[in-house]
$ cat protein31.pdb   # PDB, C-alpha atoms and all ligand atoms
MODEL        1
ATOM      1  CA  MET A 793       0.000   0.000   0.000
ATOM      2  CA  LYS A 794       2.819   2.369   1.008
ATOM      3  CA  LEU A 795       4.569   1.594  -2.289
ATOM      4  CA  LYS A 796       1.379   2.410  -4.204
ATOM      5  CA  ILE A 797       1.136   5.827  -2.523
ATOM      6  CA  MET A 798       4.816   6.453  -3.236
ATOM      7  CA  PHE A 799       4.370   5.700  -6.958
ATOM      8  CA  ALA A 800       1.247   7.878  -7.119
ATOM      9  CA  THR A 801       3.165  10.771  -5.506
ATOM     10  CA  ILE A 802       6.071  10.380  -7.926
ATOM     11  CA  ALA A 803       3.680  10.221 -10.906
ATOM     12  CA  ALA A 804       1.840  13.356  -9.726
ATOM     13  CA  ALA A 805       5.133  15.247  -9.269
ATOM     14  CA  ALA A 806       6.349  14.146 -12.714
ATOM     15  CA  ALA A 807       3.065  15.188 -14.344
ATOM     16  CA  LEU A 808       3.312  18.611 -12.669
ATOM     17  CA  SER A 809       6.861  19.227 -13.888
ATOM     18  CA  LEU A 810       5.995  18.187 -17.467
ATOM     19  CA  GLN A 811       3.184  20.720 -17.946
ATOM     20  CA  ALA A 812       4.853  23.306 -20.204
ATOM     21  CA  GLU A 813       2.441  25.999 -21.301
ATOM     22  CA  VAL A 814       3.358  27.687 -24.577
ATOM     23  CA  LEU A 815       2.808  31.427 -24.200
ATOM     24  CA  PRO A 816       1.410  33.600 -27.009
ATOM     25  CA  ALA A 817       4.222  35.031 -29.152
ATOM     26  CA  PRO A 818       5.519  38.257 -27.582
ATOM     27  CA  GLN A 819       4.579  41.482 -29.367
ATOM     28  CA  THR A 820       8.028  42.910 -30.077
ATOM     29  CA  THR A 821       7.127  45.735 -32.449
ATOM     30  CA  GLY A 822       5.209  48.981 -32.027
ATOM     31  CA  GLY A 823       4.141  50.449 -28.711
ATOM     32  CA  LYS A 824       4.621  53.916 -27.281
ATOM     33  CA  PRO A 825       7.889  55.794 -27.866
ATOM     34  CA  MET A 826      10.630  54.822 -25.387
ATOM     35  CA  MET A 827      11.086  58.374 -24.057
ATOM     36  CA  GLN A 828       7.385  58.554 -23.211
ATOM     37  CA  MET A 829       7.497  55.169 -21.433
ATOM     38  CA  MET A 830      10.412  56.303 -19.298
ATOM     39  CA  LYS A 831       8.477  59.432 -18.339
ATOM     40  CA  GLU A 832       5.421  57.342 -17.446
ATOM     41  CA  ARG A 833       7.249  54.629 -15.445
ATOM     42  CA  MET A 834       6.106  54.620 -11.821
ATOM     43  CA  THR A 835       5.238  52.442  -8.858
ATOM     44  CA  GLN A 836       1.487  52.049  -8.333
ATOM     45  CA  ARG A 837       0.100  49.948  -5.473
ATOM     46  CA  ASP A 838      -3.690  50.364  -5.944
ATOM     47  CA  ILE A 839      -3.987  47.109  -7.900
ATOM     48  CA  ASP A 840      -7.482  45.719  -8.568
ATOM     49  CA  PRO A 841      -7.631  42.123  -7.194
ATOM     50  CA  SER A 842     -10.541  41.232  -9.496
ATOM     51  CA  GLN A 843      -8.895  42.059 -12.837
ATOM     52  CA  ALA A 844      -6.577  39.397 -14.267
ATOM     53  CA  VAL A 845      -3.514  40.141 -16.403
ATOM     54  CA  SER A 846      -4.045  38.732 -19.916
ATOM     55  CA  LYS A 847      -1.872  35.919 -21.290
ATOM     56  CA  GLN A 848      -0.636  38.298 -24.004
ATOM     57  CA  ASP A 849       0.481  40.835 -21.383
ATOM     58  CA  LEU A 850       2.119  38.038 -19.351
ATOM     59  CA  SER A 851       3.950  36.877 -22.475
ATOM     60  CA  ASN A 852       5.116  40.422 -23.238
ATOM     61  CA  ILE A 853       6.170  41.038 -19.596
ATOM     62  CA  LEU A 854       8.283  37.855 -19.462
ATOM     63  CA  TRP A 855       9.847  38.600 -22.820
ATOM     64  CA  ALA A 856      10.602  42.213 -21.805
ATOM     65  CA  ALA A 857      12.216  40.976 -18.584
ATOM     66  CA  TRP A 858      14.227  38.052 -19.908
ATOM     67  CA  GLY A 859      13.263  37.071 -23.456
ATOM     68  CA  ILE A 860      15.724  35.959 -26.093
ATOM     69  CA  THR A 861      16.831  38.666 -28.537
ATOM     70  CA  HIS A 862      20.127  38.082 -30.382
ATOM     71  CA  ASP A 863      22.541  35.125 -30.617
ATOM     72  CA  GLY A 864      20.803  33.294 -27.758
ATOM     73  CA  LYS A 865      21.194  36.389 -25.560
ATOM     74  CA  HIS A 866      18.557  38.297 -23.626
ATOM     75  CA  THR A 867      16.745  41.629 -23.295
ATOM     76  CA  VAL A 868      19.080  42.267 -20.324
ATOM     77  CA  ALA A 869      22.893  42.296 -20.392
ATOM     78  CA  THR A 870      24.740  39.963 -18.012
ATOM     79  CA  ALA A 871      28.358  40.198 -16.839
ATOM     80  CA  MET A 872      30.495  37.735 -18.817
ATOM     81  CA  ASN A 873      27.260  36.569 -20.476
ATOM     82  CA  ARG A 874      26.514  34.334 -17.493
ATOM     83  CA  GLN A 875      22.733  34.651 -18.075
ATOM     84  CA  GLU A 876      21.988  33.991 -14.406
ATOM     85  CA  LEU A 877      18.427  35.316 -14.176
ATOM     86  CA  VAL A 878      15.576  32.894 -13.388
ATOM     87  CA  LEU A 879      11.949  34.066 -13.401
ATOM     88  CA  TYR A 880       9.027  32.491 -11.586
ATOM     89  CA  VAL A 881       5.378  33.470 -12.030
ATOM     90  CA  VAL A 882       3.044  33.424  -9.009
ATOM     91  CA  THR A 883      -0.677  33.557  -9.820
ATOM     92  CA  PRO A 884      -3.728  32.891  -7.603
ATOM     93  CA  THR A 885      -3.642  29.230  -8.674
ATOM     94  CA  GLU A 886      -0.035  28.164  -9.263
ATOM     95  CA  VAL A 887       3.690  28.853  -9.420
ATOM     96  CA  SER A 888       5.492  28.423 -12.750
ATOM     97  CA  ARG A 889       9.052  28.743 -13.995
ATOM     98  CA  TYR A 890       9.790  30.689 -17.204
ATOM     99  CA  ASN A 891      11.808  29.021 -19.940
ATOM    100  CA  PRO A 892      13.023  31.897 -22.171
ATOM    101  CA  GLU A 893      14.378  29.675 -24.962
ATOM    102  CA  ALA A 894      10.996  28.052 -25.663
ATOM    103  CA  HIS A 895       8.990  31.002 -24.240
ATOM    104  CA  THR A 896       7.005  28.576 -22.087
ATOM    105  CA  LEU A 897       5.917  28.272 -18.474
ATOM    106  CA  THR A 898       6.308  25.069 -16.470
ATOM    107  CA  VAL A 899       4.160  24.610 -13.371
ATOM    108  CA  VAL A 900       6.313  23.837 -10.324
ATOM    109  CA  ASN A 901       3.653  24.069  -7.611
ATOM    110  CA  GLU A 902      -0.139  24.268  -7.519
ATOM    111  CA  GLY A 903      -2.036  26.507  -5.099
ATOM    112  CA  ASP A 904      -2.243  30.150  -3.998
ATOM    113  CA  PHE A 905       1.203  31.222  -2.703
ATOM    114  CA  ARG A 906       0.696  34.994  -2.994
ATOM    115  CA  GLU A 907       0.990  35.411   0.784
ATOM    116  CA  ALA A 908       4.553  34.046   0.582
ATOM    117  CA  ALA A 909       5.311  36.333  -2.362
ATOM    118  CA  GLY A 910       4.356  39.451  -0.439
ATOM    119  CA  SER A 911       3.287  40.478   3.026
ATOM    120  CA  GLN A 912       1.786  43.792   1.883
ATOM    121  CA  ASP A 913      -1.983  43.776   1.348
ATOM    122  CA  PHE A 914      -1.910  44.653  -2.356
ATOM    123  CA  ALA A 915       0.578  41.837  -3.068
ATOM    124  CA  ARG A 916      -1.530  39.226  -1.273
ATOM    125  CA  THR A 917      -4.471  39.947  -3.599
ATOM    126  CA  ALA A 918      -2.802  41.038  -6.867
ATOM    127  CA  PRO A 919      -3.318  38.743  -9.878
ATOM    128  CA  LEU A 920       0.354  38.462 -10.818
ATOM    129  CA  ASN A 921       3.761  38.392  -9.118
ATOM    130  CA  ILE A 922       7.011  37.855 -11.030
ATOM    131  CA  VAL A 923       9.818  36.500  -8.848
ATOM    132  CA  LEU A 924      13.284  37.662  -9.907
ATOM    133  CA  ALA A 925      15.803  35.009  -8.853
ATOM    134  CA  VAL A 926      19.356  34.212  -9.908
ATOM    135  CA  ASP A 927      21.353  31.058 -10.428
ATOM    136  CA  THR A 928      24.295  31.592  -8.054
ATOM    137  CA  ALA A 929      26.202  28.732  -9.709
ATOM    138  CA  LYS A 930      26.288  30.810 -12.905
ATOM    139  CA  GLN A 931      27.096  34.129 -11.197
ATOM    140  CA  ASP A 932      28.211  34.425  -7.566
ATOM    141  CA  LYS A 933      28.971  38.170  -7.464
ATOM    142  CA  VAL A 934      26.062  39.874  -5.713
ATOM    143  CA  GLU A 935      26.576  43.207  -7.497
ATOM    144  CA  PHE A 936      26.271  41.501 -10.889
ATOM    145  CA  GLN A 937      23.213  39.518  -9.741
ATOM    146  CA  ALA A 938      21.613  42.769  -8.534
ATOM    147  CA  TYR A 939      22.321  44.494 -11.852
ATOM    148  CA  THR A 940      20.653  41.698 -13.799
ATOM    149  CA  ALA A 941      17.532  41.574 -11.621
ATOM    150  CA  GLY A 942      17.340  45.387 -11.521
ATOM    151  CA  ALA A 943      17.570  45.731 -15.288
ATOM    152  CA  ALA A 944      14.875  43.075 -15.775
ATOM    153  CA  SER A 945      12.666  44.890 -13.274
ATOM    154  CA  GLN A 946      13.094  48.175 -15.128
ATOM    155  CA  ASN A 947      12.067  46.453 -18.384
ATOM    156  CA  ILE A 948       8.923  45.206 -16.610
ATOM    157  CA  TYR A 949       8.204  48.706 -15.280
ATOM    158  CA  LEU A 950       8.608  50.146 -18.786
ATOM    159  CA  TYR A 951       6.383  47.504 -20.351
ATOM    160  CA  CYS A 952       3.724  48.185 -17.700
ATOM    161  CA  ALA A 953       3.900  51.915 -18.452
ATOM    162  CA  GLN A 954       3.356  51.159 -22.115
ATOM    163  CA  ALA A 955       0.513  48.674 -21.503
ATOM    164  CA  GLY A 956      -1.347  50.714 -18.883
ATOM    165  CA  LEU A 957      -0.578  48.160 -16.130
ATOM    166  CA  LYS A 958       0.357  48.938 -12.519
ATOM    167  CA  SER A 959       3.562  47.567 -11.024
ATOM    168  CA  VAL A 960       5.583  47.502  -7.773
ATOM    169  CA  LEU A 961       9.082  46.091  -7.343
ATOM    170  CA  ARG A 962       9.322  44.616  -3.852
ATOM    171  CA  ALA A 963      12.129  43.497  -1.586
ATOM    172  CA  MET A 964       9.487  42.586   0.993
ATOM    173  CA  PHE A 965       8.636  38.907   0.591
ATOM    174  CA  ASP A 966       8.637  35.901   2.913
ATOM    175  CA  ARG A 967      12.236  34.665   2.843
ATOM    176  CA  VAL A 968      11.279  31.337   4.438
ATOM    177  CA  GLU A 969       8.001  30.480   2.693
ATOM    178  CA  LEU A 970       8.624  31.816  -0.841
ATOM    179  CA  PRO A 971      11.603  29.530  -1.601
ATOM    180  CA  LYS A 972       9.429  26.598  -0.446
ATOM    181  CA  ALA A 973       6.504  27.707  -2.633
ATOM    182  CA  LEU A 974       8.839  27.924  -5.637
ATOM    183  CA  LYS A 975      10.560  24.613  -4.765
ATOM    184  CA  LEU A 976      13.673  26.711  -5.261
ATOM    185  CA  PRO A 977      16.813  24.698  -6.102
ATOM    186  CA  ALA A 978      19.685  25.187  -3.605
ATOM    187  CA  ASN A 979      21.753  27.117  -6.170
ATOM    188  CA  GLU A 980      19.061  29.747  -6.768
ATOM    189  CA  ARG A 981      18.502  32.929  -4.747
ATOM    190  CA  ILE A 982      15.492  35.260  -4.794
ATOM    191  CA  LEU A 983      16.311  38.964  -5.070
ATOM    192  CA  PHE A 984      12.964  40.691  -5.653
ATOM    193  CA  VAL A 985       9.306  40.144  -6.461
ATOM    194  CA  GLN A 986       7.444  42.419  -8.868
ATOM    195  CA  THR A 987       3.696  42.736  -8.403
ATOM    196  CA  ILE A 988       1.611  43.549 -11.480
ATOM    197  CA  GLY A 989      -2.048  44.198 -12.240
ATOM    198  CA  HIS A 990      -4.648  46.734 -13.349
TER
HETATM  199  C1  LIG B1001      15.075  47.543  -4.671
HETATM  200  C2  LIG B1001      13.684  48.069  -4.421
HETATM  201  C3  LIG B1001      12.898  47.467  -3.441
HETATM  202  C4  LIG B1001      11.595  47.915  -3.214
HETATM  203  N1  LIG B1001      10.824  47.267  -2.301
HETATM  204  C5  LIG B1001       9.541  47.651  -2.124
HETATM  205  C6  LIG B1001       8.689  46.927  -1.246
HETATM  206  O1  LIG B1001       9.072  45.928  -0.636
HETATM  207  N2  LIG B1001       7.414  47.329  -1.135
HETATM  208  C7  LIG B1001       6.905  48.417  -1.813
HETATM  209  O2  LIG B1001       5.741  48.742  -1.640
HETATM  210  N3  LIG B1001       7.693  49.123  -2.657
HETATM  211  C8  LIG B1001       8.984  48.772  -2.842
HETATM  212  N4  LIG B1001       9.773  49.435  -3.754
HETATM  213  C9  LIG B1001       9.191  50.535  -4.544
HETATM  214  C10 LIG B1001       9.727  51.903  -4.098
HETATM  215  O3  LIG B1001       9.099  52.271  -2.886
HETATM  216  C11 LIG B1001       9.439  52.932  -5.197
HETATM  217  O4  LIG B1001      10.179  52.582  -6.343
HETATM  218  C12 LIG B1001       9.826  54.321  -4.751
HETATM  219  O5  LIG B1001       8.878  54.816  -3.820
HETATM  220  C13 LIG B1001       9.931  55.311  -5.915
HETATM  221  O6  LIG B1001       8.697  55.377  -6.602
HETATM  222  P1  LIG B1001       8.661  55.160  -8.176
HETATM  223  O7  LIG B1001       8.988  53.745  -8.469
HETATM  224  O8  LIG B1001       7.255  55.530  -8.584
HETATM  225  O9  LIG B1001       9.685  56.087  -8.781
HETATM  226  C14 LIG B1001      11.071  49.022  -3.965
HETATM  227  C15 LIG B1001      11.889  49.602  -4.960
HETATM  228  C16 LIG B1001      13.157  49.139  -5.188
HETATM  229  C17 LIG B1001      13.976  49.781  -6.288
ENDMDL
END
$ encode --input "protein31.pdb" --output "structure tokens" --more "lines below"
Ligand SMILES: Cc1cc2nc3c(=O)[nH]c(=O)nc-3n(C[C@H](O)[C@H](O)[C@H](O)COP(=O)(O)O)c2cc1C
Amino acid sequence: MKLKIMFATIAAAAALSLQAEVLPAPQTTGGKPMMQMMKERMTQRDIDPSQAVSKQDLSNILWAAWGITHDGKHTVATAMNRQELVLYVVTPTEVSRYNPEAHTLTVVNEGDFREAAGSQDFARTAPLNIVLAVDTAKQDKVEFQAYTAGAASQNIYLYCAQAGLKSVLRAMFDRVELPKALKLPANERILFVQTIGH
């Protein structure tokens, strides 16, 4: 009986890790002029809990933060091309990991983990949190890790300005519970969480 339960658990875990959702293609042309977006970039915390972020916006946000652009490289520069950024997506129903090469999301945990992603009220109820983590095995210098996460965050802020979305970069997250919710590998470290919505 115990063996049966063990196999069922393993099968469920395997099924969860195999679910790769293909995102809509990112919209990489058009939009508002860059100078205008920079002027409009701002932190806004009055996020409506009842209005979801569309899949197209999610696709564009992930691409802006860490999509592939040229020669297998990304929208953000990395010191020595270490490409250490790892993005996780926390929604009201699941946690997923972004795969920039295939532009897909893989579910790593099912459930509502927004409380772990942010102790502030607006973060607990917002429809979308992007976790900015780094692979410390690829880059161990904290100043380079911080540059990479910061540049990705700014790209998200700029995309939100252009798309009429609200956004807040946050250093306030649960440092014990969020790694568990993400099933974070030992070599990864969370730097920030960015909350997004309407
Ligand atoms: C590294 C960093 C960490 C931040 N952490 C939080 C946070 O935990 N919670 C929050 O509400 N805002 C946070 N913010 C947002 C700042 O409060 C906000 O950027 C600042 O007030 C300036 O406003 P602006 O973004 O509209 O220019 C953070 C910003 C940065 C850059």
$ closest_residue --input "protein31.pdb" --among "A:Thr885, A:Thr867, A:Ser959, A:Asn979" --to "ligand LIG 1001 (chain B)" --atoms "only C-alpha atoms and all ligand atoms"
A:Ser959
$ resolve_selection --input "protein31.pdb" --expression "the PyMOL selection byres (((not hetatm)) within 7 of (chain B and resi 1001))" --output "list of chain:residue names"
A:Arg833, A:Met834, A:Thr835, A:Gln836, A:Arg837, A:Val960, A:Leu961, A:Arg962, A:Ala963, A:Met964
$ resolve_selection --input "protein31.pdb" --expression "the PyMOL selection byres (((chain A and resi 847-853) around 6) and not hetatm)" --output "compact mmCIF listing (two decimals) with C-alpha atoms, in the coordinates of the input"
# COMPACT_ATOMS: atom_id res chain seq x y z
CA LEU A 815 2.81 31.43 -24.20
CA PRO A 816 1.41 33.60 -27.01
CA PRO A 818 5.52 38.26 -27.58
CA SER A 846 -4.04 38.73 -19.92
CA LEU A 854 8.28 37.85 -19.46
CA TRP A 855 9.85 38.60 -22.82
CA ALA A 856 10.60 42.21 -21.80
CA ILE A 948 8.92 45.21 -16.61
$ closest_residue --input "protein31.pdb" --among "A:Lys930, A:His895, A:His990, A:Lys975" --to "Ala857 of chain A" --atoms "all atoms listed in the file"
A:His895
$ atom_distance --input "protein31.pdb" --atom1 "atom CA of Met872 of chain A" --atom2 "atom CA of Asn947 of chain A"
20.4 Å
